[in-house]
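> Structure below; questions to follow.
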Amino acid sequence: MSFIYHADRQRGLRWKRYFAVHAPHIPFHIWPETGDPAAVRFIGTWSPEALEDLSRFPNLEAIFSIGAGIDQFDLTRIPPQIPLIRMQEPGIVSTMREYVLMAALGIHRNLVDYIDQQRREVYEIFDVKPVAETTIGVLGMGQLGTAVASTLSSIGFDCRGWSRSGKPLQGVQIFKGEQELGAFLAGCNILVCLLPLTDKTRGILNSSLFKQLPVGAGLINVGRGDHLVEADLLHALDSGRLSSAVLDVQSPEPLPKGHPFWQHPRILITPHIASQTQPESAAAVLLENIDNLAQGKPVSGLVDRSRGY
Ligand code: NDP
């Protein structure tokens, strides 16, 4: 039985070392090397390329996404009997906590404004508000959203979350479904998007949603670029409806040169680095999932294809 890895090569070498120590019985190949296709039982990939011709691997048992999202894959290419498993691992979670905390504090403490002021050599002070006076809403309360909301709430932000099912989380006010979206948005001084990209969530960050936020709210998009309607964001920022936006994800990536987001004084761009799968902790989770599959036990991160996440 063998494993094919198709993602960043440097980190792939760390995965390979982890497998060599903890699962020496599973030969590890880094794409484009595949070894004997008939021996391939598992593919771990970030790129959709690895899934283009799965008929080459007649004994494939499961496909693992190396990241938390699976929106880059064409699910119709994966035979229904092959489970698709997305990444749920502590490294992705802790790095996402850090990023959103940084971005939320950056908006709360007017860092975006001060960066703009520095460019213009302006020395003006904004009032400093206690964190408890800022309400942060998290769209998507899954693996990452719950961790982020807990972290923000632990430093004193007033936190609320929105999801499909409305699973409760201590210390965080939870809203669920489309019927409660308006009430959720009405209180958010800062909105964080941590939704998966699906047919239901594509374009959710649009004018109609921005209008339901308090005037001057800030936006942090760490979901996917296609959650956002770009022209609506530009309009919301230029009209003062929104104060600032921190965008870790864009569409397409890399954000093209000359794009209006680059020079916008109220937008901070980062190159999709909010969180990163950490090879060693991810390989440990993945190997545990391989064991669970072999024993017919539940696996963590199994994608429900009917929901698209
Ligand atoms: P999960 O699947 O664990 O959580 C998804 C959450 O979104 C769940 O709470 C789910 O509700 C909710 N949700 C999904 N669809 C809807 C909907 N239509 N209406 C309301 N709520 C909905 O995902 P993760 O937390 O692991 O990851 C979330 C996303 O974060 C990824 O898909 C990816 O796009 C992004 N990401 C970005 C990274 C970056 O570096 N920028 C890194 C990693 C991930 P319910 O709880 O009811 O199922």
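All residue names refer to the structure tokens as shown: chains lettered A, B, ... in order, residues numbered from 1 in each chain, ligands numbered from 1 in order.
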Step by step, measure atom-to-atom distances between ligand 1 and each residue using only C-alpha atoms and all ligand atoms, keep those at most 8 Å, then write them as a PyMOL selection string.

chain A and resi 67-71+86-88+92+96+139-146+162-167+176-178+193-198+200-201+221-224+248-249+272-277+301+307+309

> Would you mind writing down, as number ranges by chain, each residue of stretch 58-299 of chain A that DSSP on the backbone assigns to helix (DSSP H, G or I)?

A: 75-77, 90-108, 111-119, 131-133, 143-154, 178-186, 207-211, 225-227, 230-238, 260-263, 279-294

> Using only C-alpha atoms, which of the listed residues (A:Gln179, A:Ser150, A:Gln72, A:Ser306) sits closest to A:Val138?

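Closest candidate: A:Ser150.
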
> I'd like the contact shell of A:Arg14 - 10 Å cut-off, only C-alpha atoms, skipping same-chain residues fewer than 6 positions apart - returned as a VMD selection string.

chain A and resid 20 278 to 280 283

> When DSSP is applied to the backbone of this structure, which of stretch 231-274 of chain A are assigned strand (DSSP E or B)? Write them out as a VMD selection string.

chain A and resid 242 to 247 267 to 269

> Could those residues be written to a file, using N, CA and C atoms, as a tab-separated table (two decimals), in the first residue's frame?


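Saved result, out_26.tsv, follows:
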chain	number	residue	atom	x	y	z
A	242	LEU	N	-18.47	50.36	5.31
A	242	LEU	CA	-17.47	49.57	6.03
A	242	LEU	C	-16.24	50.44	6.28
A	243	SER	N	-15.52	50.15	7.39
A	243	SER	CA	-14.35	50.98	7.71
A	243	SER	C	-13.09	50.43	7.08
A	244	SER	N	-12.93	49.10	7.09
A	244	SER	CA	-11.69	48.52	6.59
A	244	SER	C	-11.90	47.03	6.34
A	245	ALA	N	-10.97	46.46	5.59
A	245	ALA	CA	-11.07	45.03	5.31
A	245	ALA	C	-9.69	44.40	5.32
A	246	VAL	N	-9.58	43.26	5.97
A	246	VAL	CA	-8.35	42.48	5.94
A	246	VAL	C	-8.67	41.23	5.13
A	247	LEU	N	-7.98	41.08	4.01
A	247	LEU	CA	-8.32	40.00	3.08
A	247	LEU	C	-7.14	39.05	2.92
A	267	ILE	N	-7.72	48.67	2.79
A	267	ILE	CA	-7.64	47.21	2.62
A	267	ILE	C	-6.22	46.74	2.94
A	268	LEU	N	-6.14	45.69	3.76
A	268	LEU	CA	-4.85	45.00	3.97
A	268	LEU	C	-4.93	43.65	3.29
A	269	ILE	N	-3.92	43.35	2.50
A	269	ILE	CA	-3.89	42.07	1.77
A	269	ILE	C	-2.79	41.19	2.34

> So, counting only C-alpha atoms, which residue among A:Asp304, A:Glu253, A:Asp226, A:Asp232 is closest to A:Ser207?

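Nearest candidate to A:Ser207 out of A:Asp304, A:Glu253, A:Asp226, A:Asp232: A:Asp232.
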
> Just to confirm, what's the straight-line distance from atom CA of A:Ala7 to atom CA of A:Thr76 in Å (one decimal)?

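If I compute the distance from atom CA of A:Ala7 to atom CA of A:Thr76, I get 21.0 Å.
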
> What's around A:His108 at 8 Å? Count only C-alpha atoms, leave out sequence neighbours fewer than 6 positions away in its own chain, and write the answer as a list in words.

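Listing them by chain and then by number gives Lys129, Val131 and Thr134 of chain A.
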
> Can you write just those residues out, N, CA and C atoms, as a PDB file, in the first residue's frame?


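File produced: selection_32.pdb:
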ATOM      1  N   LYS A 129     -10.921  52.073  22.428  1.00  0.00           N
ATOM      2  CA  LYS A 129     -12.104  51.475  23.067  1.00  0.00           C
ATOM      3  C   LYS A 129     -11.722  50.148  23.710  1.00  0.00           C
ATOM      4  N   VAL A 131     -11.925  46.220  24.473  1.00  0.00           N
ATOM      5  CA  VAL A 131     -12.373  45.141  23.576  1.00  0.00           C
ATOM      6  C   VAL A 131     -13.830  44.742  23.843  1.00  0.00           C
ATOM      7  N   THR A 134     -16.468  45.959  21.579  1.00  0.00           N
ATOM      8  CA  THR A 134     -16.497  45.562  20.160  1.00  0.00           C
ATOM      9  C   THR A 134     -17.078  44.157  20.032  1.00  0.00           C
TER      10      THR A 134
END

> Nearest residue to A:Pro32 out of A:Tyr5, A:Gly240, A:Ile107, A:Phe57, using only C-alpha atoms?

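Selected residue with least distance to A:Pro32: A:Tyr5.
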
> Got a sec: who's within 10 Å of A:Pro130, counting only C-alpha atoms, leaving out chain neighbours fewer than 2 positions off, as a list in words?

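Contacts, with the query itself left out: His108, Arg109, Asp127, Val128, Ala132, Glu133, Thr134, Gly156 and Phe157 of chain A.
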
> Could you write those residues out with N, CA and C atoms, as a tab-separated table (two decimals), in the first residue's frame?


chain	number	residue	atom	x	y	z
A	108	HIS	N	-9.71	46.64	15.41
A	108	HIS	CA	-10.20	47.24	16.67
A	108	HIS	C	-9.31	48.43	17.10
A	109	ARG	N	-7.99	48.30	16.91
A	109	ARG	CA	-7.06	49.36	17.34
A	109	ARG	C	-6.63	50.26	16.18
A	127	ASP	N	-9.83	57.31	19.15
A	127	ASP	CA	-10.14	56.91	20.52
A	127	ASP	C	-9.86	55.43	20.71
A	128	VAL	N	-9.37	55.08	21.90
A	128	VAL	CA	-9.12	53.68	22.20
A	128	VAL	C	-10.31	53.13	22.98
A	132	ALA	N	-14.24	44.85	25.09
A	132	ALA	CA	-15.61	44.41	25.44
A	132	ALA	C	-16.67	45.23	24.71
A	133	GLU	N	-16.27	46.40	24.21
A	133	GLU	CA	-17.24	47.24	23.48
A	133	GLU	C	-17.29	46.91	21.99
A	134	THR	N	-16.47	45.96	21.58
A	134	THR	CA	-16.50	45.56	20.16
A	134	THR	C	-17.08	44.16	20.03
A	156	GLY	N	-11.65	39.03	25.69
A	156	GLY	CA	-12.63	40.02	26.12
A	156	GLY	C	-13.55	40.57	25.05
A	157	PHE	N	-13.32	40.23	23.78
A	157	PHE	CA	-14.26	40.68	22.74
A	157	PHE	C	-15.62	40.06	23.02

> Which residue is closest to A:Pro90? Choose from A:Leu185, A:Ala147, A:Gln263, A:Glu61 and count only C-alpha atoms.

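Looking at the shortest contact to A:Pro90, the residue is A:Ala147.
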
> Restricting the calculation to only C-alpha atoms: of A:Thr45, A:Thr34, A:Ser65, A:Thr135, which residue gets closest to A:Pro214?

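Using only C-alpha atoms, A:Pro214 sits closest to A:Thr135.
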
> Applying 7 Å and only C-alpha atoms, which residues near A:Val229 remain after dropping the ones on its own chain fewer than 5 positions away? List them as a PyMOL selection string.

chain A and resi 203+205-206
